[in-house]
Each structure stands twice: as structure tokens, then as C-alpha cells.
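Okay, input11.cif is below, mmCIF, C-alpha atoms:
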data_run
loop_
_atom_site.label_atom_id
_atom_site.label_comp_id
_atom_site.auth_asym_id
_atom_site.auth_seq_id
_atom_site.Cartn_x
_atom_site.Cartn_y
_atom_site.Cartn_z
CA MET A 1121 76.77 82.62 38.21
CA THR A 1122 80.08 81.61 36.70
CA GLU A 1123 82.33 84.30 38.10
CA ALA A 1124 85.33 83.36 40.25
CA VAL A 1125 84.94 83.41 44.02
CA ARG A 1126 87.42 84.66 46.59
CA SER A 1127 88.52 82.73 49.64
CA TYR A 1128 88.61 84.58 52.97
CA ARG A 1129 91.00 83.84 55.81
CA TYR A 1130 90.12 84.66 59.40
CA VAL A 1131 91.28 88.25 60.05
CA GLY A 1132 89.55 88.93 63.37
CA PRO A 1133 90.94 89.14 66.88
CA PRO A 1134 92.70 86.13 68.42
CA GLY A 1135 90.07 85.45 71.13
CA PRO A 1136 87.49 83.72 68.92
CA LEU A 1137 90.15 81.35 67.63
CA THR A 1138 89.98 79.63 71.03
CA THR A 1139 86.44 78.47 70.13
CA VAL A 1140 87.80 76.31 67.30
CA ARG A 1141 88.02 72.74 68.53
CA PRO A 1142 87.71 69.35 66.87
CA GLY A 1143 84.05 68.89 66.06
CA SER A 1144 83.22 72.59 66.51
CA ALA A 1145 82.50 73.21 62.84
CA GLY A 1146 78.95 73.95 61.79
CA CYS A 1147 76.66 71.30 60.40
CA ARG A 1148 77.34 70.62 56.71
CA ILE A 1149 74.21 71.23 54.65
CA ALA A 1150 74.99 69.90 51.17
CA SER A 1151 71.47 68.89 50.11
CA SER A 1152 67.78 69.39 50.80
CA THR A 1153 67.81 66.11 52.73
CA ALA A 1154 70.61 67.36 54.99
CA PHE A 1155 68.73 70.62 55.59
CA GLY A 1156 65.54 68.71 56.42
CA ARG A 1157 67.35 66.57 59.01
CA TRP A 1158 69.09 69.61 60.50
CA VAL A 1159 66.01 71.84 60.73
CA ALA A 1160 63.92 69.03 62.27
CA LEU A 1161 66.32 68.99 65.25
CA ARG A 1162 66.06 72.76 65.91
CA PRO A 1163 63.77 73.90 68.73
CA ALA A 1164 61.07 76.37 67.61
CA PRO A 1165 62.53 79.38 69.51
CA GLU A 1166 65.90 78.85 67.80
CA LEU A 1167 64.25 79.01 64.38
CA CYS A 1168 62.91 82.50 65.14
CA GLU A 1169 66.34 84.09 64.88
CA PRO A 1170 69.15 83.94 62.33
CA PHE A 1171 71.93 81.37 62.40
CA THR A 1172 75.66 81.76 61.94
CA TYR A 1173 76.76 80.43 58.58
CA ALA A 1174 79.95 79.94 56.62
CA VAL A 1175 80.51 78.59 53.15
CA ALA A 1176 83.32 76.04 53.31
CA GLY A 1177 86.10 76.00 50.73
CA ASP A 1178 84.30 73.18 48.90
CA GLY A 1179 81.18 75.34 48.56
CA VAL A 1180 79.07 73.59 51.20
CA LEU A 1181 76.91 75.62 53.59
CA LEU A 1182 77.85 75.26 57.27
CA LEU A 1183 75.26 76.23 59.91
CA ALA A 1184 75.68 76.87 63.63
CA PRO A 1185 73.64 78.59 66.36
CA ARG A 1186 73.52 82.38 66.06
CA ARG A 1187 75.91 83.17 68.88
CA SER A 1188 78.59 80.89 67.46
CA GLU A 1189 81.80 82.41 66.17
CA HIS A 1190 82.13 82.25 62.40
CA VAL A 1191 85.66 80.88 62.72
CA ALA A 1192 84.36 78.00 64.88
CA CYS A 1193 81.53 77.36 62.40
CA ALA A 1194 84.18 77.15 59.68
CA GLY A 1195 86.37 74.84 61.75
CA GLY A 1196 89.12 77.47 61.66
CA GLY A 1197 89.52 77.30 57.90
CA ALA A 1198 89.20 79.77 55.09
CA VAL A 1199 85.68 80.39 53.75
CA LEU A 1200 84.01 81.53 50.55
CA GLY A 1201 81.42 83.48 52.55
CA ALA A 1202 80.17 84.02 56.10
CA GLY A 1203 77.46 85.91 57.92
CA GLU A 1204 74.00 85.38 59.35
CA ILE A 1205 71.12 83.52 57.69
CA GLY A 1206 67.47 83.20 58.66
CA PHE A 1207 64.84 80.72 57.56
CA ALA A 1208 61.06 80.87 57.34
CA ARG A 1209 58.45 78.28 56.57
CA ASP A 1210 55.52 78.82 54.25
CA ALA A 1211 53.05 76.53 52.51
CA GLY A 1212 55.77 75.46 50.07
CA GLY A 1213 58.28 74.52 52.76
CA TRP A 1214 61.40 76.21 54.09
CA MET A 1215 63.08 79.21 52.50
CA VAL A 1216 65.87 81.64 53.27
CA ASP A 1217 64.19 84.84 54.40
CA GLY A 1218 67.29 86.85 55.26
CA VAL A 1219 71.02 86.58 54.70
CA SER A 1220 73.94 88.90 55.36
CA ASN A 1221 77.70 88.92 55.03
CA LEU A 1222 78.06 90.22 58.60
CA SER A 1223 81.14 88.45 59.91
CA THR A 1224 83.70 90.66 61.61
CA GLY A 1225 86.07 87.70 61.80
CA TYR A 1226 86.22 87.11 58.05
CA CYS A 1227 84.95 90.49 56.76
CA PRO A 1228 83.78 89.02 53.44
CA ASP A 1229 83.23 91.33 50.50
CA THR A 1230 79.75 91.79 49.10
CA SER A 1231 80.93 89.80 46.07
CA SER A 1232 80.84 86.71 48.31
CA TRP A 1233 77.14 86.55 47.45
CA THR A 1234 78.02 84.36 44.45
CA ALA A 1235 79.39 81.60 46.71
CA VAL A 1236 76.59 82.02 49.25
CA ALA A 1237 73.93 81.73 46.54
CA ARG A 1238 75.54 78.58 45.14
CA ALA A 1239 75.71 77.00 48.61
CA VAL A 1240 72.05 77.80 49.32
CA ASP A 1241 71.02 76.55 45.89
CA ARG A 1242 72.55 73.17 46.78
CA THR A 1243 70.04 72.96 49.65
CA GLY A 1244 67.07 73.43 47.32
CA LEU A 1245 65.76 76.32 49.41
CA ALA A 1246 64.27 79.42 47.83
CA ARG A 1247 66.47 82.45 48.52
CA PRO A 1248 66.61 86.19 47.91
CA ASP A 1249 68.46 87.52 44.86
CA GLY A 1250 71.19 89.05 47.02
CA PHE A 1251 72.14 89.85 50.58
CA THR A 1252 69.16 91.24 52.46
CA HIS A 1253 71.62 93.07 54.71
CA GLU A 1254 74.85 93.91 52.89
CA VAL A 1255 77.93 94.98 54.89
CA VAL A 1256 80.92 96.76 53.32
CA PHE A 1257 84.22 96.05 55.11
CA ARG A 1258 87.53 97.85 54.55
CA ARG A 1259 90.96 97.93 56.23
CA CYS A 1260 92.30 101.40 56.86
CA PRO A 1261 95.63 101.90 55.04
CA GLY A 1262 96.65 104.34 57.80
CA CYS A 1263 95.89 102.64 61.11
CA GLN A 1264 95.25 99.10 59.73
CA GLU A 1265 91.94 98.75 61.64
CA HIS A 1266 88.93 97.06 60.05
CA SER A 1267 85.96 99.34 59.45
CA VAL A 1268 82.37 98.94 58.38
CA VAL A 1269 81.48 101.47 55.68
CA ARG A 1270 78.10 103.03 56.36
CA GLU A 1271 76.09 105.14 53.93
CA ASP A 1272 78.97 105.20 51.41
CA HIS A 1273 81.14 107.11 53.91
CA PHE A 1274 84.55 105.63 53.04
CA PHE A 1275 86.44 106.98 56.05
CA CYS A 1276 87.93 105.05 58.96
CA VAL A 1277 85.91 105.18 62.17
CA PHE A 1278 89.17 104.98 64.16
CA CYS A 1279 91.43 107.59 62.53
CA ASP A 1280 89.18 109.25 59.91
CA GLY A 1281 91.59 108.19 57.14
CA ALA A 1282 90.23 107.56 53.65
CA LEU A 1283 89.23 103.98 52.88
CA PRO A 1284 89.74 102.45 49.43
CA PRO A 1285 86.75 101.73 47.19
CA GLU A 1286 87.86 98.07 46.70
CA TRP A 1287 87.85 95.32 49.33
CA ASN A 1288 91.27 95.18 51.05
CA VAL A 1289 90.66 93.64 54.47
CA ASP A 1290 93.14 90.77 54.24
CA PRO A 1291 96.60 92.25 53.60
CA ALA A 1292 97.79 88.85 52.31
CA GLY A 1293 94.77 88.49 50.02
#

Give the structure from this file in C-alpha cells form.
Amino acid sequence: MTEAVRSYRYVGPPGPLTTVRPGSAGCRIASSTAFGRWVALRPAPELCEPFTYAVAGDGVLLLAPRRSEHVACAGGGAVLGAGEIGFARDAGGWMVDGVSNLSTGYCPDTSSWTAVARAVDRTGLARPDGFTHEVVFRRCPGCQEHSVVREDHFFCVFCDGALPPEWNVDPAG
């Protein structure tokens, strides 16, 4: 995995930006030791559902409770990836059992998997070979709304305009 990674700015609505406060960023998980400390503090019911994650600009995995805003998890900064991530325990220890790029605040491209995989690899956890739930985001050139492309139907859900085949969500990116 030597390909270049893209950085994503927050492109969502202004409301979630109010959740960004000093100390609101997710927990930095830069090693297996850090993951072990973090997971030991999670109550069992919390471990049954996915967590919000972001990959910080320095490539470190940030984790926060599921209902956290991605922009708060990222401390308001740009990310290399964002979505939801789930963990499971087996006889060999903890592993990532599901990961997506579902973040409507950052709308990361599916190519963000490269950065996500690198961040998870730093934790020493086993992981899937790609997103287990992949989301395709596009910005409509006509109405400028963000859309999720479903079943390769590259048409805006708001105005039915054609969506481009390449990622274009951040007009400045």
C-alpha cells in the first residue's frame, strides 16, 4: 500500500461543527497497547455496536462512541478517512469485524481504504481486506447537494442530475 492518500475537509452541515470542543476528539489509537487500554474501558453493551472513527492527518486512528459526530471525533480537522468500525473478540484476541466509509460530514471516497488500513495495521488488529460496507459519495454539479450513489445509479437524489464517475464532493479538493 504505497499509493498517495487524499485528505478530506469537513463538508457537512454547520450544526455538527458545534460539537467540536477542546478535548472532544476521539481517543488516539496508535498501537496495540493503546487499543488494549481503550477497549478495556468500554462497557460490554458498547462493544456490541460499531464506533465512530476518523483517521487523523498523521495517520493515527481516532475512536469515539457510535453516536459521535465524525467532525468532533476528528477534533474539527481534516481526515484521511472516516466512518464506522466494529470490533469482535475471538480466541486470538480483538479484530476489526466491520468497517465503512459512512461519514456524511466528510464523505470520504472509497479510495480512503488505503489510509484506514494503514491506521488499523498500526493497532495490530486483524482487519478485512477492504470496506465491509462501501459508500460512494458524489456532489451534484447541478444543485450542489451531496448524494449517496446506490446500485451504480449515478443520478442525484435531489434533482435527478447526472453525477460524475469520480469523487468530487469537496469543491476545493

10 Å contact set for Ala1150 of chain A, only C-alpha atoms, chain neighbours under 5 positions out, as a VMD selection string
chain A and resid 1155 1179 to 1182 1239 to 1244

Given the PyMOL selection byres ((chain A and resi 1172-1178) around 8), the residues it picks as a PyMOL selection string
chain A and resi 1127+1146+1170-1171+1179-1190+1193-1194+1197-1205+1235-1236+1239

So, counting only C-alpha atoms, which residue among A:Glu1169, A:Val1191, A:Trp1287, A:Phe1257 is closest to Gly1218 of chain A?
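Nearest candidate to Gly1218 of chain A out of A:Glu1169, A:Val1191, A:Trp1287, A:Phe1257: A:Glu1169.
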
Go through segment 1155-1238 of chain A and flag each residue having an atom no more than 6 Å from segment 1138-1142 of chain A; for those, report the closest pair of atoms plus their distance in Å to one decimal, using only C-alpha atoms, ordered by chain and rising number, as a Markdown table.
| residue | atom | partner | partner_atom | distance |
| --- | --- | --- | --- | --- |
| A:Ala1192 | CA | A:Val1140 | CA | 4.5 |
| A:Gly1195 | CA | A:Val1140 | CA | 5.9 |
| A:Gly1196 | CA | A:Val1140 | CA | 5.9 |

Atomic distance atom CA of Tyr1130 of chain A - atom CA of Ser1231 of chain A, expressed in Å with one decimal:
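Atom-to-atom, atom CA of Tyr1130 of chain A to atom CA of Ser1231 of chain A, that is 17.0 Å.
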
A:Pro1165, A:Gly1262, A:Gly1156, A:Pro1248 ranked by distance to Gly1213 of chain A, top pick (using all atoms listed in the file):
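Selected residue with least distance to Gly1213 of chain A: A:Gly1156.
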
Name the residues in contact with Trp1214 of chain A at a cut-off of 10 Å, using only C-alpha atoms, excluding same-chain residues fewer than 2 positions from it; report them as a list in words.
Ser1152, Phe1155, Gly1156, Val1159, Phe1207, Ala1208, Arg1209, Asp1210, Ala1211, Gly1212, Val1216, Asp1217, Gly1244, Leu1245, Ala1246 and Arg1247 of chain A

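Atom to atom, atom CA of Thr1230 of chain A and atom CA of Ile1149 of chain A stand 22.0 Å apart.
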
As a ChimeraX atom specification, please: the residues near Cys1260 of chain A (cut-off 12 Å, all atoms listed in the file, same-chain neighbours under 5 positions excluded).
/A:1265-1269,1274-1291

Separation of atom CA of Glu1254 of chain A from atom CA of Trp1158 of chain A in Å
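Straight-line distance from atom CA of Trp1158 of chain A to atom CA of Glu1254 of chain A works out to 26.1 Å.
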
Go through A:Arg1258, A:Arg1126, A:Arg1157, A:Arg1148 and flag the residue nearest His1273 of chain A, using only C-alpha atoms for the distances.
A:Arg1258

Measuring between only C-alpha atoms, which one of A:Thr1234, A:Ser1144, A:Thr1153, A:Thr1224 shows the shortest distance to Gly1250 of chain A?
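Checking each of A:Thr1234, A:Ser1144, A:Thr1153, A:Thr1224 against Gly1250 of chain A, counting only C-alpha atoms, the winner is A:Thr1234.
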
Each side padded by 3 Å, which centre and which edge lengths in Å (one decimal) define the axis-aligned box around the listed atoms of segment 1149-1160 of chain A? Give them as JSON.
{"center_x": 69.5, "center_y": 69.0, "center_z": 56.2, "size_x": 17.1, "size_y": 11.7, "size_z": 18.2}
